[in-house]
file data.cif (mmCIF, C-alpha atoms)
data_input
#
loop_
_atom_site.group_PDB
_atom_site.id
_atom_site.type_symbol
_atom_site.label_atom_id
_atom_site.label_comp_id
_atom_site.auth_asym_id
_atom_site.auth_seq_id
_atom_site.Cartn_x
_atom_site.Cartn_y
_atom_site.Cartn_z
ATOM 1 C CA MET X 161 -79.939 -1.271 -8.332
ATOM 2 C CA GLY X 162 -83.314 -0.398 -9.806
ATOM 3 C CA VAL X 163 -82.077 -0.521 -13.411
ATOM 4 C CA GLN X 164 -84.355 -1.851 -16.120
ATOM 5 C CA SER X 165 -83.524 -2.608 -19.740
ATOM 6 C CA HIS X 166 -85.461 -3.732 -22.784
ATOM 7 C CA GLU X 167 -84.808 -4.063 -26.491
ATOM 8 C CA THR X 168 -86.596 -1.989 -29.085
ATOM 9 C CA GLU X 169 -86.312 -1.876 -32.854
ATOM 10 C CA SER X 170 -83.834 0.981 -32.561
ATOM 11 C CA GLY X 171 -81.670 -0.553 -29.819
ATOM 12 C CA LEU X 172 -81.382 -1.186 -26.106
ATOM 13 C CA VAL X 173 -83.245 1.134 -23.710
ATOM 14 C CA ILE X 174 -81.858 1.409 -20.176
ATOM 15 C CA SER X 175 -83.802 3.284 -17.499
ATOM 16 C CA SER X 176 -83.617 3.807 -13.761
ATOM 17 C CA GLY X 177 -86.794 1.758 -13.216
ATOM 18 C CA GLU X 178 -88.376 1.803 -9.798
ATOM 19 C CA SER X 179 -86.877 4.090 -7.205
ATOM 20 C CA ARG X 180 -84.933 2.336 -4.480
ATOM 21 C CA ASP X 181 -83.486 4.199 -1.559
ATOM 22 C CA PHE X 182 -80.288 2.436 -0.614
ATOM 23 C CA THR X 183 -76.555 2.974 -0.652
ATOM 24 C CA LEU X 184 -74.547 0.677 -2.866
ATOM 25 C CA GLY X 185 -70.996 -0.259 -1.865
ATOM 26 C CA ILE X 186 -68.545 -1.451 -4.521
ATOM 27 C CA ASP X 187 -64.993 -2.706 -4.007
ATOM 28 C CA VAL X 188 -62.970 -1.819 -7.115
ATOM 29 C CA SER X 189 -59.703 -3.444 -5.960
ATOM 30 C CA ASP X 190 -59.852 -5.993 -8.775
ATOM 31 C CA ILE X 191 -61.538 -3.699 -11.328
ATOM 32 C CA PRO X 192 -59.970 -0.222 -10.877
ATOM 33 C CA ASP X 193 -60.451 0.700 -14.534
ATOM 34 C CA LEU X 194 -64.227 0.533 -14.049
ATOM 35 C CA PHE X 195 -64.247 3.118 -11.242
ATOM 36 C CA GLN X 196 -64.989 6.088 -13.498
ATOM 37 C CA THR X 197 -67.580 4.356 -15.663
ATOM 38 C CA LEU X 198 -69.416 2.947 -12.653
ATOM 39 C CA THR X 199 -69.300 6.341 -10.945
ATOM 40 C CA PHE X 200 -70.780 8.284 -13.856
ATOM 41 C CA THR X 201 -73.393 5.569 -14.481
ATOM 42 C CA LEU X 202 -74.571 5.597 -10.861
ATOM 43 C CA VAL X 203 -74.619 9.389 -10.885
ATOM 44 C CA GLY X 204 -76.877 9.298 -13.927
ATOM 45 C CA LEU X 205 -79.216 7.053 -11.979
ATOM 46 C CA GLY X 206 -79.214 9.468 -9.008
ATOM 47 C CA LYS X 207 -77.858 6.867 -6.591
ATOM 48 C CA LYS X 208 -75.977 7.061 -3.299
ATOM 49 C CA TYR X 209 -72.973 4.783 -3.316
ATOM 50 C CA SER X 210 -69.478 4.234 -2.029
ATOM 51 C CA PHE X 211 -66.320 2.764 -3.456
ATOM 52 C CA SER X 212 -63.488 1.018 -1.665
ATOM 53 C CA GLY X 213 -60.278 -0.457 -3.051
ATOM 54 C CA LEU X 214 -59.131 2.867 -4.468
ATOM 55 C CA SER X 215 -55.398 2.645 -3.728
ATOM 56 C CA THR X 216 -54.201 2.474 -7.366
ATOM 57 C CA LEU X 217 -56.473 5.195 -8.766
ATOM 58 C CA ARG X 218 -54.248 8.144 -7.901
ATOM 59 C CA VAL X 219 -51.356 6.828 -10.036
ATOM 60 C CA LYS X 220 -53.045 6.272 -13.403
ATOM 61 C CA GLU X 221 -52.967 8.674 -16.389
ATOM 62 C CA THR X 222 -54.358 11.212 -13.921
ATOM 63 C CA ASP X 223 -55.375 11.169 -10.273
ATOM 64 C CA ARG X 224 -58.709 9.569 -11.146
ATOM 65 C CA ILE X 225 -60.237 10.151 -7.717
ATOM 66 C CA ALA X 226 -59.543 13.887 -7.791
ATOM 67 C CA ALA X 227 -60.573 14.122 -11.455
ATOM 68 C CA VAL X 228 -63.918 12.364 -10.936
ATOM 69 C CA CYS X 229 -64.759 14.355 -7.798
ATOM 70 C CA SER X 230 -63.936 17.682 -9.433
ATOM 71 C CA GLN X 231 -66.060 16.927 -12.487
ATOM 72 C CA LEU X 232 -69.024 15.589 -10.536
ATOM 73 C CA ASN X 233 -68.951 18.748 -8.444
ATOM 74 C CA LYS X 234 -70.125 20.497 -11.626
ATOM 75 C CA VAL X 235 -73.438 18.605 -11.434
ATOM 76 C CA ARG X 236 -73.946 18.951 -7.661
ATOM 77 C CA VAL X 237 -72.788 15.456 -6.760
ATOM 78 C CA GLN X 238 -71.405 15.423 -3.233
ATOM 79 C CA SER X 239 -68.382 13.265 -2.479
ATOM 80 C CA ARG X 240 -66.464 12.638 0.722
ATOM 81 C CA PHE X 241 -64.128 10.068 2.209
ATOM 82 C CA LEU X 242 -65.723 7.919 4.884
ATOM 83 C CA ALA X 243 -62.366 6.268 5.610
ATOM 84 C CA ASP X 244 -58.905 6.273 4.025
ATOM 85 C CA ASP X 245 -60.027 3.942 1.273
ATOM 86 C CA VAL X 246 -63.812 4.486 1.131
ATOM 87 C CA LEU X 247 -65.236 7.280 -1.012
ATOM 88 C CA PHE X 248 -68.951 8.110 -0.754
ATOM 89 C CA PHE X 249 -71.011 9.814 -3.480
ATOM 90 C CA ASP X 250 -74.513 11.244 -3.193
ATOM 91 C CA ALA X 251 -76.097 11.914 -6.598
ATOM 92 C CA SER X 252 -79.611 12.533 -5.269
ATOM 93 C CA ASP X 253 -79.367 16.265 -6.119
ATOM 94 C CA LEU X 254 -78.005 15.784 -9.638
ATOM 95 C CA LYS X 255 -78.168 18.952 -11.724
ATOM 96 C CA THR X 256 -79.681 18.020 -15.074
ATOM 97 C CA ASP X 257 -80.359 21.414 -16.649
ATOM 98 C CA GLY X 258 -78.017 23.574 -18.691
ATOM 99 C CA THR X 259 -74.741 22.787 -20.375
ATOM 100 C CA VAL X 260 -71.942 21.129 -18.442
ATOM 101 C CA ILE X 261 -68.468 20.733 -19.892
ATOM 102 C CA PHE X 262 -66.469 17.895 -18.373
ATOM 103 C CA GLU X 263 -62.671 17.861 -18.544
ATOM 104 C CA SER X 264 -60.927 14.678 -19.685
ATOM 105 C CA PHE X 265 -57.531 15.414 -18.060
ATOM 106 C CA ASP X 266 -55.985 13.721 -21.135
ATOM 107 C CA ASP X 267 -57.297 10.413 -19.748
ATOM 108 C CA HIS X 268 -59.362 8.417 -22.229
ATOM 109 C CA ARG X 269 -61.329 6.695 -19.451
ATOM 110 C CA MET X 270 -62.430 10.082 -18.098
ATOM 111 C CA ALA X 271 -63.673 11.105 -21.545
ATOM 112 C CA MET X 272 -65.565 7.851 -22.117
ATOM 113 C CA SER X 273 -67.041 7.808 -18.625
ATOM 114 C CA ALA X 274 -68.262 11.388 -18.761
ATOM 115 C CA ALA X 275 -70.039 10.541 -22.024
ATOM 116 C CA VAL X 276 -72.234 8.093 -20.085
ATOM 117 C CA ILE X 277 -73.806 10.871 -18.022
ATOM 118 C CA SER X 278 -74.547 12.938 -21.123
ATOM 119 C CA THR X 279 -77.492 10.639 -21.780
ATOM 120 C CA VAL X 280 -79.375 12.191 -18.839
ATOM 121 C CA MET X 281 -78.092 15.766 -19.026
#

call {"tool": "encode", "arguments": {"input": "data.cif", "output": "structure tokens"}}
result
Amino acid sequence: MGVQSHETESGLVISSGESRDFTLGIDVSDIPDLFQTLTFTLVGLGKKYSFSGLSTLRVKETDRIAAVCSQLNKVRVQSRFLADDVLFFDASDLKTDGTVIFESFDDHRMAMSAAVISTVM
């Protein structure tokens, strides 16, 4: 995925490393609770990616698909369904200037996941 990490005296440093132009596909059928965190992490890296196995995400604390898409719209991340169960994101035009306020929808995973992207905003 082009991610590099190394330890320093003050902690772990994670960076996007070398640029790779590819689209990553992830099936979250067995790990639906990671959908939001993976999405915001890949957005922060400016990646193009798709998720499948999304059937349970609309019936969690919130409709997590709608919530993620609406919040990523705030930073110019394009999302669209390629099929009934395949959602594509393009974060190559990520907006990284100015203040962005993400909504949590009273869903703790939304709040924690949005915090991930704050490291590059």

call {"tool": "residues_around", "arguments": {"input": "data.cif", "residues": "stretch 250-262 of chain X", "least_positions_apart": "4", "cutoff": "12 Å", "atoms": "all atoms listed in the file", "output": "PyMOL selection string"}}
result
chain X and resi 179-184+199-211+227-241+266-267+270-281

call {"tool": "atom_distance", "arguments": {"input": "data.cif", "atom1": "atom CA of X:Ser165", "atom2": "atom CA of X:Ser189"}}
result
27.5 Å

call {"tool": "atom_distance", "arguments": {"input": "data.cif", "atom1": "atom CA of X:Phe195", "atom2": "atom CA of X:Glu263"}}
result
16.5 Å

call {"tool": "residues_near_point", "arguments": {"input": "data.cif", "point": "(-64.9, -0.6, -1.9)", "cutoff": "12 Å", "atoms": "all atoms listed in the file", "output": "ChimeraX atom specification"}}
result
/X:184-192,195,209-215,241-248

call {"tool": "atom_distance", "arguments": {"input": "data.cif", "atom1": "atom CA of X:Gln196", "atom2": "atom CA of X:Arg269"}}
result
7.0 Å

call {"tool": "closest_residue", "arguments": {"input": "data.cif", "among": "X:Glu167, X:Phe265, X:Leu198, X:Ser175", "to": "X:Ala226", "atoms": "only C-alpha atoms"}}
result
X:Phe265
